[in-house]
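See below for data.cif, which holds mmCIF, C-alpha atoms and all ligand atoms.
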```cif
data_entry
#
loop_
_atom_site.label_atom_id
_atom_site.label_comp_id
_atom_site.auth_asym_id
_atom_site.auth_seq_id
_atom_site.Cartn_x
_atom_site.Cartn_y
_atom_site.Cartn_z
CA MET H 1 150.96 95.90 -31.75
CA THR H 2 152.74 99.20 -32.09
CA PHE H 3 152.97 102.46 -30.18
CA ARG H 4 153.99 106.00 -31.05
CA ALA H 5 156.97 107.60 -29.32
CA LEU H 6 159.49 110.41 -29.47
CA LEU H 7 162.65 108.44 -30.23
CA VAL H 8 166.04 110.02 -29.54
CA GLU H 9 168.82 108.60 -31.69
CA LYS H 10 172.58 109.17 -31.85
CA GLY H 11 174.22 109.23 -35.27
CA GLU H 12 177.68 107.84 -36.04
CA ASP H 13 179.06 111.39 -35.88
CA GLY H 14 177.66 111.73 -32.33
CA THR H 15 174.79 114.04 -33.34
CA VAL H 16 171.63 113.50 -31.30
CA SER H 17 168.23 113.88 -33.02
CA ALA H 18 164.64 113.26 -31.93
CA SER H 19 161.62 112.33 -34.04
CA VAL H 20 158.17 110.81 -33.58
CA GLN H 21 158.13 107.17 -34.75
CA GLU H 22 155.82 104.14 -34.72
CA LEU H 23 157.57 101.34 -32.81
CA ALA H 24 156.81 97.65 -32.26
CA ASP H 25 155.66 96.73 -28.75
CA ASP H 26 158.49 94.24 -28.31
CA ARG H 27 160.87 97.21 -28.08
CA LEU H 28 159.39 98.23 -24.71
CA PRO H 29 161.60 97.38 -21.72
CA ASP H 30 160.75 94.47 -19.39
CA GLY H 31 158.51 95.53 -16.51
CA ASP H 32 155.48 94.50 -14.43
CA VAL H 33 153.00 97.11 -15.58
CA THR H 34 152.13 98.31 -19.09
CA VAL H 35 150.47 101.72 -19.16
CA ALA H 36 148.51 103.46 -21.93
CA VAL H 37 150.05 106.90 -21.45
CA GLU H 38 147.72 109.88 -21.82
CA TYR H 39 149.82 112.83 -20.70
CA SER H 40 153.46 113.55 -19.98
CA THR H 41 155.22 116.82 -19.14
CA LEU H 42 158.27 118.90 -19.94
CA ASN H 43 160.78 119.47 -17.15
CA TYR H 44 164.28 120.98 -17.37
CA LYS H 45 165.72 117.46 -17.19
CA ASP H 46 163.57 116.39 -20.16
CA GLY H 47 165.24 119.18 -22.13
CA LEU H 48 168.61 117.58 -21.35
CA CYS H 49 167.39 114.06 -22.26
CA ILE H 50 165.78 115.12 -25.59
CA THR H 51 168.91 116.98 -26.70
CA GLY H 52 171.36 114.38 -25.32
CA LYS H 53 173.00 117.02 -23.09
CA GLY H 54 174.33 116.51 -19.57
CA GLY H 55 175.19 112.83 -20.12
CA LEU H 56 171.88 111.70 -18.53
CA VAL H 57 170.98 109.33 -21.38
CA ARG H 58 173.68 106.71 -21.80
CA SER H 59 171.97 104.27 -24.17
CA PHE H 60 170.43 105.15 -27.58
CA PRO H 61 167.90 104.89 -29.15
CA HIS H 62 165.94 106.23 -26.20
CA VAL H 63 162.42 107.38 -25.33
CA PRO H 64 162.59 110.33 -22.86
CA GLY H 65 159.80 111.68 -20.63
CA ILE H 66 160.52 111.64 -16.86
CA ASP H 67 156.82 111.79 -15.93
CA PHE H 68 153.63 110.23 -17.20
CA ALA H 69 150.02 109.57 -16.25
CA GLY H 70 147.68 107.09 -17.87
CA THR H 71 145.67 103.89 -17.52
CA VAL H 72 147.00 100.41 -16.79
CA GLU H 73 146.64 98.05 -19.78
CA ALA H 74 148.28 94.95 -18.32
CA SER H 75 149.91 94.12 -14.98
CA THR H 76 151.60 91.23 -13.20
CA ASP H 77 151.91 93.40 -10.06
CA PRO H 78 148.96 92.58 -7.73
CA ARG H 79 148.68 96.26 -6.69
CA PHE H 80 147.62 97.33 -10.21
CA ARG H 81 144.84 96.11 -12.48
CA PRO H 82 143.84 96.99 -16.03
CA GLY H 83 141.78 100.18 -15.94
CA ASP H 84 143.59 101.68 -12.90
CA GLN H 85 144.78 105.24 -13.39
CA VAL H 86 148.40 105.75 -12.37
CA VAL H 87 151.13 108.39 -12.17
CA LEU H 88 154.88 108.02 -12.51
CA THR H 89 157.52 110.61 -11.65
CA GLY H 90 161.24 110.07 -11.28
CA TRP H 91 163.05 106.76 -10.61
CA ARG H 92 165.27 107.78 -13.57
CA VAL H 93 162.53 106.75 -15.99
CA GLY H 94 163.04 108.81 -19.15
CA GLU H 95 166.80 108.83 -18.41
CA THR H 96 167.95 105.22 -18.00
CA TRP H 97 164.55 103.59 -18.80
CA TRP H 98 162.17 104.36 -21.66
CA GLY H 99 159.78 107.04 -20.44
CA GLY H 100 156.55 108.92 -20.96
CA TYR H 101 156.93 110.47 -24.43
CA ALA H 102 155.04 107.52 -25.90
CA THR H 103 151.53 106.19 -26.12
CA ARG H 104 152.66 103.10 -24.20
CA ALA H 105 155.19 102.60 -21.36
CA ARG H 106 156.27 99.53 -19.39
CA VAL H 107 157.71 100.05 -15.91
CA LYS H 108 158.11 98.48 -12.45
CA GLY H 109 155.00 98.57 -10.28
CA ASP H 110 157.13 99.94 -7.40
CA TRP H 111 157.54 103.18 -9.34
CA LEU H 112 153.83 103.87 -9.84
CA VAL H 113 151.42 105.65 -7.54
CA PRO H 114 147.64 105.66 -7.96
CA LEU H 115 146.29 108.84 -9.54
CA PRO H 116 145.02 110.96 -6.60
CA LYS H 117 141.19 110.89 -6.65
CA ALA H 118 140.90 114.67 -6.85
CA LEU H 119 143.01 114.90 -10.02
CA THR H 120 142.67 114.04 -13.71
CA THR H 121 145.65 112.56 -15.59
CA ARG H 122 146.12 115.96 -17.27
CA GLU H 123 146.16 117.78 -13.92
CA ALA H 124 148.62 115.25 -12.50
CA MET H 125 150.96 116.02 -15.37
CA ALA H 126 150.43 119.75 -15.05
CA ILE H 127 151.90 119.14 -11.58
CA GLY H 128 154.47 116.46 -12.57
CA THR H 129 157.98 116.21 -11.15
CA ALA H 130 158.14 120.00 -10.84
CA GLY H 131 155.02 120.16 -8.67
CA LEU H 132 156.00 117.14 -6.58
CA THR H 133 159.39 118.73 -5.95
CA ALA H 134 157.79 122.04 -4.94
CA MET H 135 155.54 120.17 -2.47
CA LEU H 136 158.48 118.15 -1.06
CA ALA H 137 160.35 121.44 -0.55
CA VAL H 138 157.40 123.00 1.30
CA MET H 139 157.07 119.87 3.48
CA ALA H 140 160.82 119.95 4.28
CA LEU H 141 160.61 123.63 5.26
CA GLU H 142 157.59 122.92 7.49
CA LYS H 143 159.54 120.09 9.17
CA ALA H 144 162.35 122.61 9.78
CA GLY H 145 159.87 124.87 11.61
CA LEU H 146 158.51 127.18 8.90
CA SER H 147 155.04 128.62 9.50
CA PRO H 148 153.30 131.72 8.09
CA PRO H 149 153.83 133.96 11.19
CA ARG H 150 157.61 133.58 10.83
CA GLY H 151 157.61 135.82 7.76
CA GLU H 152 157.96 136.01 4.00
CA VAL H 153 159.20 133.05 1.92
CA LEU H 154 161.42 133.59 -1.13
CA VAL H 155 161.08 131.51 -4.32
CA THR H 156 163.81 131.80 -6.99
CA GLY H 157 163.33 130.81 -10.65
CA ALA H 158 159.75 131.70 -9.82
CA ALA H 159 158.29 131.72 -13.35
CA GLY H 160 159.70 128.22 -14.04
CA GLY H 161 157.90 124.94 -13.36
CA VAL H 162 158.99 124.26 -9.77
CA GLY H 163 158.90 127.96 -8.91
CA SER H 164 155.37 128.53 -10.21
CA VAL H 165 153.92 125.61 -8.25
CA ALA H 166 155.87 126.62 -5.13
CA VAL H 167 154.46 130.17 -5.29
CA ALA H 168 150.88 128.86 -5.66
CA ILE H 169 151.18 126.33 -2.81
CA LEU H 170 152.87 128.75 -0.37
CA SER H 171 150.29 131.43 -1.09
CA ARG H 172 147.43 128.97 -0.56
CA LEU H 173 148.98 127.95 2.78
CA GLY H 174 148.87 131.58 3.95
CA TYR H 175 152.52 132.60 3.43
CA ARG H 176 153.60 135.96 2.09
CA VAL H 177 155.63 135.05 -0.99
CA ALA H 178 158.47 136.92 -2.70
CA ALA H 179 159.19 135.73 -6.26
CA VAL H 180 162.58 136.18 -7.95
CA THR H 181 162.39 136.29 -11.73
CA GLY H 182 164.56 137.36 -14.65
CA ARG H 183 161.43 138.01 -16.73
CA PRO H 184 159.77 141.35 -15.88
CA GLU H 185 156.88 140.39 -18.18
CA ALA H 186 156.06 137.52 -15.77
CA GLU H 187 155.01 139.90 -12.97
CA ALA H 188 151.24 139.74 -13.60
CA TYR H 189 151.45 135.94 -13.93
CA LEU H 190 153.35 135.60 -10.65
CA ARG H 191 151.01 137.93 -8.79
CA ALA H 192 148.03 135.92 -10.06
CA LEU H 193 149.67 132.78 -8.62
CA GLY H 194 149.90 134.53 -5.25
CA ALA H 195 153.27 136.36 -5.17
CA ASP H 196 153.20 139.48 -2.96
CA THR H 197 156.65 140.84 -3.86
CA ILE H 198 158.49 140.59 -7.20
CA ILE H 199 162.29 140.72 -7.11
CA ASP H 200 164.41 141.24 -10.22
CA ARG H 201 166.85 138.38 -10.71
CA ALA H 202 169.66 140.92 -11.21
CA GLU H 203 169.35 141.98 -7.54
CA LEU H 204 170.56 138.57 -6.39
CA ALA H 205 172.66 137.47 -9.37
CA GLU H 206 176.05 138.79 -8.25
CA ALA H 207 178.03 137.29 -5.36
CA SER H 208 178.17 139.54 -2.30
CA GLY H 209 181.49 140.12 -0.52
CA LYS H 210 179.64 140.40 2.82
CA PRO H 211 179.47 137.29 5.04
CA LEU H 212 175.85 138.15 5.98
CA GLU H 213 173.14 140.50 4.69
CA SER H 214 170.01 141.91 6.37
CA GLU H 215 167.64 139.18 7.54
CA ARG H 216 164.66 139.07 5.17
CA TRP H 217 163.29 135.57 4.58
CA ALA H 218 161.74 133.06 6.96
CA GLY H 219 162.45 130.40 4.34
CA ALA H 220 163.32 129.95 0.68
CA ILE H 221 162.86 127.51 -2.21
CA ASP H 222 165.72 127.80 -4.68
CA SER H 223 165.73 126.44 -8.27
CA VAL H 224 168.79 128.40 -9.33
CA GLY H 225 171.78 127.34 -7.17
CA GLY H 226 175.16 129.03 -7.60
CA ASP H 227 175.92 132.45 -6.09
CA MET H 228 172.19 133.26 -6.00
CA LEU H 229 171.62 130.48 -3.47
CA MET H 230 174.47 131.90 -1.37
CA ARG H 231 172.93 135.39 -1.49
CA VAL H 232 169.63 133.86 -0.35
CA LEU H 233 171.31 131.99 2.53
CA LYS H 234 172.92 135.26 3.67
CA GLN H 235 169.44 136.86 3.81
CA VAL H 236 167.57 134.02 5.58
CA LYS H 237 166.42 135.01 9.08
CA TYR H 238 167.87 133.51 12.27
CA ASP H 239 166.94 129.77 12.51
CA GLY H 240 165.32 129.83 9.05
CA ALA H 241 165.95 127.39 6.21
CA ALA H 242 166.39 127.29 2.45
CA ALA H 243 165.47 124.27 0.33
CA ALA H 244 167.86 123.69 -2.60
CA ILE H 245 166.04 121.98 -5.42
CA GLY H 246 167.85 122.96 -8.63
CA LEU H 247 170.76 124.33 -10.60
CA ALA H 248 169.11 126.37 -13.35
CA GLY H 249 171.85 128.99 -12.77
CA SER H 250 174.81 126.90 -11.64
CA ALA H 251 175.76 123.82 -9.63
CA ALA H 252 178.84 125.46 -8.13
CA ILE H 253 178.85 128.19 -5.45
CA PRO H 254 182.12 130.09 -5.90
CA SER H 255 181.22 132.51 -3.05
CA PHE H 256 180.37 129.76 -0.55
CA THR H 257 180.74 130.62 3.14
CA VAL H 258 179.56 128.75 6.25
CA ILE H 259 178.85 132.01 8.13
CA PRO H 260 174.98 131.91 7.77
CA PHE H 261 174.99 128.35 9.17
CA ILE H 262 177.18 129.03 12.18
CA LEU H 263 176.14 132.59 13.10
CA ARG H 264 172.41 132.46 12.29
CA GLY H 265 171.63 128.76 12.61
CA VAL H 266 170.37 128.77 9.02
CA SER H 267 169.72 125.31 7.50
CA LEU H 268 170.24 124.26 3.91
CA LEU H 269 167.80 121.46 3.04
CA GLY H 270 168.51 119.19 0.07
CA ILE H 271 165.45 118.14 -1.96
CA ASP H 272 165.49 115.14 -4.30
CA SER H 273 162.27 114.02 -5.97
CA VAL H 274 163.70 111.20 -8.09
CA MET H 275 164.38 108.47 -5.50
CA ARG H 276 161.88 109.54 -2.78
CA PRO H 277 160.34 106.48 -1.11
CA ARG H 278 156.81 105.56 -2.16
CA ASP H 279 155.19 106.48 1.21
CA GLU H 280 156.59 109.97 1.07
CA ARG H 281 155.37 110.37 -2.54
CA LEU H 282 151.87 109.30 -1.50
CA ASP H 283 151.95 111.90 1.31
CA ALA H 284 153.18 114.60 -1.06
CA TRP H 285 150.52 113.79 -3.71
CA SER H 286 147.80 113.89 -1.09
CA ARG H 287 149.10 117.29 0.16
CA ILE H 288 149.15 118.55 -3.46
CA ALA H 289 145.53 117.51 -3.92
CA THR H 290 144.54 119.75 -0.98
CA ASP H 291 147.15 122.55 -0.98
CA LEU H 292 147.51 123.41 -4.69
CA PRO H 293 144.60 125.49 -5.99
CA LEU H 294 143.62 123.81 -9.27
CA ASP H 295 142.33 127.07 -10.81
CA LYS H 296 145.85 128.49 -10.38
CA LEU H 297 147.23 125.36 -12.01
CA ASP H 298 145.17 126.11 -15.12
CA ASP H 299 146.82 129.53 -15.39
CA MET H 300 150.31 128.05 -15.48
CA VAL H 301 149.75 125.28 -18.06
CA SER H 302 150.50 125.20 -21.80
CA GLU H 303 149.72 122.06 -23.80
CA TYR H 304 151.58 120.56 -26.78
CA GLY H 305 151.97 117.27 -28.64
CA LEU H 306 154.90 114.86 -29.09
CA ALA H 307 156.07 116.46 -32.34
CA GLU H 308 156.66 119.83 -30.65
CA LEU H 309 159.05 118.45 -28.04
CA PRO H 310 162.37 119.01 -29.87
CA ALA H 311 161.68 122.78 -30.10
CA LEU H 312 160.36 122.89 -26.52
CA ALA H 313 163.52 121.13 -25.27
CA SER H 314 165.74 124.00 -26.44
CA ALA H 315 163.33 126.57 -24.97
CA VAL H 316 163.28 124.96 -21.50
CA LEU H 317 167.10 124.76 -21.43
CA GLU H 318 167.26 128.48 -22.26
CA GLY H 319 164.85 129.30 -19.38
CA LYS H 320 162.20 130.49 -21.86
CA VAL H 321 159.36 128.17 -20.87
CA ARG H 322 156.87 129.70 -18.43
CA GLY H 323 155.08 127.62 -15.81
CA ARG H 324 154.23 124.03 -16.61
CA THR H 325 154.06 122.30 -19.98
CA VAL H 326 151.74 119.35 -20.48
CA ILE H 327 152.29 116.94 -23.38
CA ASP H 328 149.24 115.14 -24.78
CA VAL H 329 151.01 112.09 -26.21
CA ARG H 330 147.95 110.65 -27.99
P1 LIG H 401 162.33 125.60 -15.51
O1 LIG H 401 163.24 125.79 -16.66
O2 LIG H 401 160.87 125.48 -15.72
O3 LIG H 401 162.55 126.79 -14.46
C1 LIG H 401 163.82 127.28 -14.10
C2 LIG H 401 163.71 128.78 -13.87
O4 LIG H 401 164.96 129.24 -13.32
C3 LIG H 401 163.52 129.58 -15.15
O5 LIG H 401 162.19 129.64 -15.54
C4 LIG H 401 164.06 130.93 -14.73
O6 LIG H 401 163.05 131.57 -13.95
C5 LIG H 401 165.20 130.57 -13.77
N1 LIG H 401 166.51 130.60 -14.43
C6 LIG H 401 166.87 129.97 -15.57
N2 LIG H 401 168.15 130.21 -15.87
C7 LIG H 401 168.62 131.02 -14.88
C8 LIG H 401 169.88 131.64 -14.61
N3 LIG H 401 170.93 131.46 -15.42
N4 LIG H 401 170.00 132.39 -13.50
C9 LIG H 401 168.95 132.57 -12.68
N5 LIG H 401 167.72 132.04 -12.88
C10 LIG H 401 167.57 131.26 -13.96
O7 LIG H 401 162.88 124.33 -14.73
P2 LIG H 401 162.17 123.47 -13.58
O8 LIG H 401 161.36 124.36 -12.72
O9 LIG H 401 161.59 122.25 -14.16
O10 LIG H 401 163.46 123.02 -12.77
C11 LIG H 401 164.22 123.99 -12.05
C12 LIG H 401 165.53 123.36 -11.58
O11 LIG H 401 165.24 122.35 -10.62
C13 LIG H 401 166.35 122.69 -12.66
O12 LIG H 401 167.72 122.91 -12.38
C14 LIG H 401 166.01 121.22 -12.51
O13 LIG H 401 167.01 120.39 -12.99
C15 LIG H 401 165.84 121.11 -11.01
N6 LIG H 401 164.92 120.08 -10.57
C16 LIG H 401 165.31 119.31 -9.51
C17 LIG H 401 164.46 118.37 -9.00
C18 LIG H 401 164.86 117.62 -7.78
O14 LIG H 401 164.36 116.51 -7.56
N7 LIG H 401 165.70 118.19 -6.95
C19 LIG H 401 163.17 118.06 -9.63
C20 LIG H 401 162.80 118.99 -10.69
C21 LIG H 401 163.68 119.95 -11.15
P3 LIG H 401 162.66 133.11 -14.17
O15 LIG H 401 162.42 133.26 -15.64
O16 LIG H 401 161.47 133.35 -13.32
O17 LIG H 401 163.88 133.90 -13.73
#
```
Produce structure tokens that represent the structure in this file.
Amino acid sequence: MTFRALLVEKGEDGTVSASVQELADDRLPDGDVTVAVEYSTLNYKDGLCITGKGGLVRSFPHVPGIDFAGTVEASTDPRFRPGDQVVLTGWRVGETWWGGYATRARVKGDWLVPLPKALTTREAMAIGTAGLTAMLAVMALEKAGLSPPRGEVLVTGAAGGVGSVAVAILSRLGYRVAAVTGRPEAEAYLRALGADTIIDRAELAEASGKPLESERWAGAIDSVGGDMLMRVLKQVKYDGAAAAIGLAGSAAIPSFTVIPFILRGVSLLGIDSVMRPRDERLDAWSRIATDLPLDKLDDMVSEYGLAELPALASAVLEGKVRGRTVIDVR
């Protein structure tokens, strides 16, 4: 038996290239559950894995794809039977383990969750790691005391994958949402997802010399990192919190100061979606099924096939991909 996959190879001169190839089944990694993959997604991290950047992929040839959804073909894990529909996000699949850019994947049963009943495999991938991360960030902010009466919530990198889902969920939950974007042409899209205020990225891009700025946000979800995250922290209201989920701008914060933490009691919440325990994933998926309006999800999705991934990888790394990208691998 064979399967089709996007295979990333490294040449002797160190050049990394990706192409769709037919591979023998015995090349799949060992694992308890074999899945006929239907859909995968494109996240920022997939862009790094497809292009070999960031040192995430250590062993070549490699099949990327950090998320997938499909139907179980074979299983030695008693929790899964042939015919079950399943979803995988994270666990470093697609980085250190062959991932979802293939018509077949073999993984550990511990990494799979059942497809939520309210969702199709395509919808689950329209959500993917980006959507799960957005939901985990909202849940962390709620745990830190956020509620709609406390005020407006800021989302940075708003037209990206995590940002788009975060805007839609927060709006559905009754929050006023401010969306930071570097793409003025995304305004109508962001307003349709539920953003009330659009903020030009340039307003928050430069470090501020002030230790604090006027209090504006009850909470924030930040995909950008760097000095923009510091500007956000300086604007979070007393006792509010910001959830740091990404580094689309920068990992380092040259202008870092502890003043917002010690004078305003602001909290910085770290969000990781990759190694989240299974119970928490199940909670987050069940919240997504109720709190993410599926009609809004349709508006943010573009669909492509395996062969288009190399071009899409460069686009996502340049911040040019809007919303969520679904990959029909079949
Ligand atoms: P996307 O590329 O879809 O979105 C990122 C967005 O950030 C862009 O669309 C753009 O939004 C904005 N952006 C890009 N470059 C810059 C820049 N230089 N300065 C300011 N803003 C910028 O990526 P994802 O949504 O998939 O991921 C976002 C980040 O979160 C990535 O860093 C990713 O690695 C990380 N991540 C972390 C996870 C975790 O578990 N913690 C899980 C998933 C992702 P706009 O055009 O609106 O300005």
Measuring between all atoms listed in the file, which one of H:Thr325, H:Ser314, H:Thr257, H:Thr133 shows the shortest distance to ligand LIG 401 (chain H)?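 Counting all atoms listed in the file, the residue closest to ligand LIG 401 (chain H) is H:Thr133.
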Enclose all atoms of ligand LIG 401 (chain H) listed in the file in an axis-aligned box, grow every side by 5 Å, and hand back centre and edge lengths in Å to one decimal, as AutoDock Vina command-line options.
```
--center_x 165.9 --center_y 125.2 --center_z -11.8 --size_x 20.1 --size_y 27.4 --size_z 19.7
```
Give me, as a Markdown table, each residue of stretch 21-71 of chain H that comes within 12 Å of stretch 93-97 of chain H, together with its shortest interatomic pair and the distance in Å at one decimal, counting only C-alpha atoms, with rows ordered by chain and rising residue number.
```
| residue | atom | partner | partner_atom | distance |
| --- | --- | --- | --- | --- |
| H:Arg27 | CA | H:Trp97 | CA | 11.8 |
| H:Leu28 | CA | H:Trp97 | CA | 9.5 |
| H:Pro29 | CA | H:Trp97 | CA | 7.5 |
| H:Asp30 | CA | H:Trp97 | CA | 9.9 |
| H:Gly31 | CA | H:Trp97 | CA | 10.3 |
| H:Ser40 | CA | H:Gly94 | CA | 10.7 |
| H:Thr41 | CA | H:Gly94 | CA | 11.2 |
| H:Leu42 | CA | H:Gly94 | CA | 11.2 |
| H:Asn43 | CA | H:Gly94 | CA | 11.1 |
| H:Lys45 | CA | H:Glu95 | CA | 8.8 |
| H:Asp46 | CA | H:Gly94 | CA | 7.7 |
| H:Gly47 | CA | H:Gly94 | CA | 11.0 |
| H:Leu48 | CA | H:Glu95 | CA | 9.4 |
| H:Cys49 | CA | H:Glu95 | CA | 6.5 |
| H:Ile50 | CA | H:Gly94 | CA | 9.4 |
| H:Thr51 | CA | H:Glu95 | CA | 11.8 |
| H:Gly52 | CA | H:Glu95 | CA | 10.0 |
| H:Lys53 | CA | H:Glu95 | CA | 11.3 |
| H:Gly54 | CA | H:Glu95 | CA | 10.8 |
| H:Gly55 | CA | H:Glu95 | CA | 9.5 |
| H:Leu56 | CA | H:Glu95 | CA | 5.8 |
| H:Val57 | CA | H:Glu95 | CA | 5.2 |
| H:Arg58 | CA | H:Thr96 | CA | 7.0 |
| H:Ser59 | CA | H:Thr96 | CA | 7.4 |
| H:Phe60 | CA | H:Thr96 | CA | 9.9 |
| H:Pro61 | CA | H:Trp97 | CA | 11.0 |
| H:His62 | CA | H:Trp97 | CA | 8.0 |
| H:Val63 | CA | H:Gly94 | CA | 6.4 |
| H:Pro64 | CA | H:Gly94 | CA | 4.0 |
| H:Gly65 | CA | H:Gly94 | CA | 4.6 |
| H:Ile66 | CA | H:Gly94 | CA | 4.4 |
| H:Asp67 | CA | H:Gly94 | CA | 7.6 |
| H:Phe68 | CA | H:Val93 | CA | 9.6 |
```
Give me the residues within 10 Å of H:Ala218 as a PyMOL selection string, counting all atoms listed in the file and dropping any in the same chain fewer than 6 places off. chain H and resi 141+145-154+175-176+235-242+266
Against ligand LIG 401 (chain H), which residues of chain H fall within 8 Å? For each one I want the closest pair of atoms and the distance in Å (one decimal), counting only C-alpha atoms and all ligand atoms, rows by chain and increasing residue number, as JSON lines.
```
{"residue": "H:Leu42", "atom": "CA", "partner": "H:LIG401", "partner_atom": "O9", "distance": 7.5}
{"residue": "H:Asn43", "atom": "CA", "partner": "H:LIG401", "partner_atom": "O9", "distance": 4.2}
{"residue": "H:Tyr44", "atom": "CA", "partner": "H:LIG401", "partner_atom": "O9", "distance": 4.4}
{"residue": "H:Lys45", "atom": "CA", "partner": "H:LIG401", "partner_atom": "O13", "distance": 5.3}
{"residue": "H:Thr129", "atom": "CA", "partner": "H:LIG401", "partner_atom": "C20", "distance": 5.6}
{"residue": "H:Ala130", "atom": "CA", "partner": "H:LIG401", "partner_atom": "C20", "distance": 4.8}
{"residue": "H:Leu132", "atom": "CA", "partner": "H:LIG401", "partner_atom": "C19", "distance": 7.8}
{"residue": "H:Thr133", "atom": "CA", "partner": "H:LIG401", "partner_atom": "C19", "distance": 5.3}
{"residue": "H:Thr156", "atom": "CA", "partner": "H:LIG401", "partner_atom": "O4", "distance": 6.9}
{"residue": "H:Gly157", "atom": "CA", "partner": "H:LIG401", "partner_atom": "O6", "distance": 3.4}
{"residue": "H:Ala158", "atom": "CA", "partner": "H:LIG401", "partner_atom": "O16", "distance": 4.2}
{"residue": "H:Ala159", "atom": "CA", "partner": "H:LIG401", "partner_atom": "O16", "distance": 3.6}
{"residue": "H:Gly160", "atom": "CA", "partner": "H:LIG401", "partner_atom": "O3", "distance": 3.2}
{"residue": "H:Gly161", "atom": "CA", "partner": "H:LIG401", "partner_atom": "O8", "distance": 3.6}
{"residue": "H:Val162", "atom": "CA", "partner": "H:LIG401", "partner_atom": "O8", "distance": 3.8}
{"residue": "H:Gly163", "atom": "CA", "partner": "H:LIG401", "partner_atom": "O8", "distance": 5.8}
{"residue": "H:Ser164", "atom": "CA", "partner": "H:LIG401", "partner_atom": "O8", "distance": 7.7}
{"residue": "H:Ala179", "atom": "CA", "partner": "H:LIG401", "partner_atom": "O16", "distance": 7.8}
{"residue": "H:Val180", "atom": "CA", "partner": "H:LIG401", "partner_atom": "O16", "distance": 6.2}
{"residue": "H:Thr181", "atom": "CA", "partner": "H:LIG401", "partner_atom": "O17", "distance": 3.5}
{"residue": "H:Gly182", "atom": "CA", "partner": "H:LIG401", "partner_atom": "O17", "distance": 3.6}
{"residue": "H:Arg183", "atom": "CA", "partner": "H:LIG401", "partner_atom": "O15", "distance": 5.0}
{"residue": "H:Ala186", "atom": "CA", "partner": "H:LIG401", "partner_atom": "O16", "distance": 7.3}
{"residue": "H:Arg201", "atom": "CA", "partner": "H:LIG401", "partner_atom": "O17", "distance": 6.2}
{"residue": "H:Ala205", "atom": "CA", "partner": "H:LIG401", "partner_atom": "C9", "distance": 7.0}
{"residue": "H:Ser223", "atom": "CA", "partner": "H:LIG401", "partner_atom": "C12", "distance": 4.5}
{"residue": "H:Val224", "atom": "CA", "partner": "H:LIG401", "partner_atom": "N5", "distance": 5.2}
{"residue": "H:Gly225", "atom": "CA", "partner": "H:LIG401", "partner_atom": "O12", "distance": 8.0}
{"residue": "H:Met228", "atom": "CA", "partner": "H:LIG401", "partner_atom": "C9", "distance": 7.5}
{"residue": "H:Ala244", "atom": "CA", "partner": "H:LIG401", "partner_atom": "N7", "distance": 7.3}
{"residue": "H:Ile245", "atom": "CA", "partner": "H:LIG401", "partner_atom": "N7", "distance": 4.1}
{"residue": "H:Gly246", "atom": "CA", "partner": "H:LIG401", "partner_atom": "O11", "distance": 3.3}
{"residue": "H:Leu247", "atom": "CA", "partner": "H:LIG401", "partner_atom": "O12", "distance": 3.8}
{"residue": "H:Ala248", "atom": "CA", "partner": "H:LIG401", "partner_atom": "O12", "distance": 3.9}
{"residue": "H:Gly249", "atom": "CA", "partner": "H:LIG401", "partner_atom": "N3", "distance": 3.7}
{"residue": "H:Ser250", "atom": "CA", "partner": "H:LIG401", "partner_atom": "N3", "distance": 7.1}
{"residue": "H:Gly270", "atom": "CA", "partner": "H:LIG401", "partner_atom": "N7", "distance": 7.6}
{"residue": "H:Ile271", "atom": "CA", "partner": "H:LIG401", "partner_atom": "N7", "distance": 5.0}
{"residue": "H:Asp272", "atom": "CA", "partner": "H:LIG401", "partner_atom": "O14", "distance": 3.7}
{"residue": "H:Ser273", "atom": "CA", "partner": "H:LIG401", "partner_atom": "O14", "distance": 3.6}
{"residue": "H:Val274", "atom": "CA", "partner": "H:LIG401", "partner_atom": "O14", "distance": 5.4}
{"residue": "H:Val316", "atom": "CA", "partner": "H:LIG401", "partner_atom": "O1", "distance": 4.9}
{"residue": "H:Leu317", "atom": "CA", "partner": "H:LIG401", "partner_atom": "O1", "distance": 6.2}
{"residue": "H:Glu318", "atom": "CA", "partner": "H:LIG401", "partner_atom": "N2", "distance": 6.7}
{"residue": "H:Gly319", "atom": "CA", "partner": "H:LIG401", "partner_atom": "C6", "distance": 4.4}
{"residue": "H:Lys320", "atom": "CA", "partner": "H:LIG401", "partner_atom": "O5", "distance": 6.4}
{"residue": "H:Val321", "atom": "CA", "partner": "H:LIG401", "partner_atom": "O2", "distance": 6.0}
{"residue": "H:Arg322", "atom": "CA", "partner": "H:LIG401", "partner_atom": "O5", "distance": 6.1}
{"residue": "H:Gly323", "atom": "CA", "partner": "H:LIG401", "partner_atom": "O2", "distance": 6.2}
{"residue": "H:Arg324", "atom": "CA", "partner": "H:LIG401", "partner_atom": "O2", "distance": 6.9}
```
Could you check how far atom CA of H:Ala220 sits from atom CA of H:Pro277, in Å to one decimal?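 We find that atom CA of H:Ala220 and atom CA of H:Pro277 lie 23.7 Å from each other.
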Selected residue, from H:Val8, H:Ala69, H:Ala105, H:Ala24, that lies nearest to H:Gly128 when counting all atoms listed in the file: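 Using all atoms listed in the file, the shortest distance to H:Gly128 belongs to H:Ala69.
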Name the residues in contact with H:Ser286 at a cut-off of 12 Å, using only C-alpha atoms, excluding same-chain residues fewer than 4 positions from it; report them as a list in words.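 The residues satisfying every condition are Val113, Pro114, Leu115, Pro116, Lys117, Ala118, Leu119, Ala124, Leu132, Met135, Leu136, Met139, Asp279, Glu280, Arg281, Leu282, Thr290, Asp291 and Leu292 of chain H.
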Of the candidates H:Val86, H:Ala134, H:Val329, H:Ile169, which shows the shortest atom-to-atom distance to H:Thr120, using only C-alpha atoms?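 Going through H:Val86, H:Ala134, H:Val329, H:Ile169 one by one, the smallest distance to H:Thr120 is for H:Val86.
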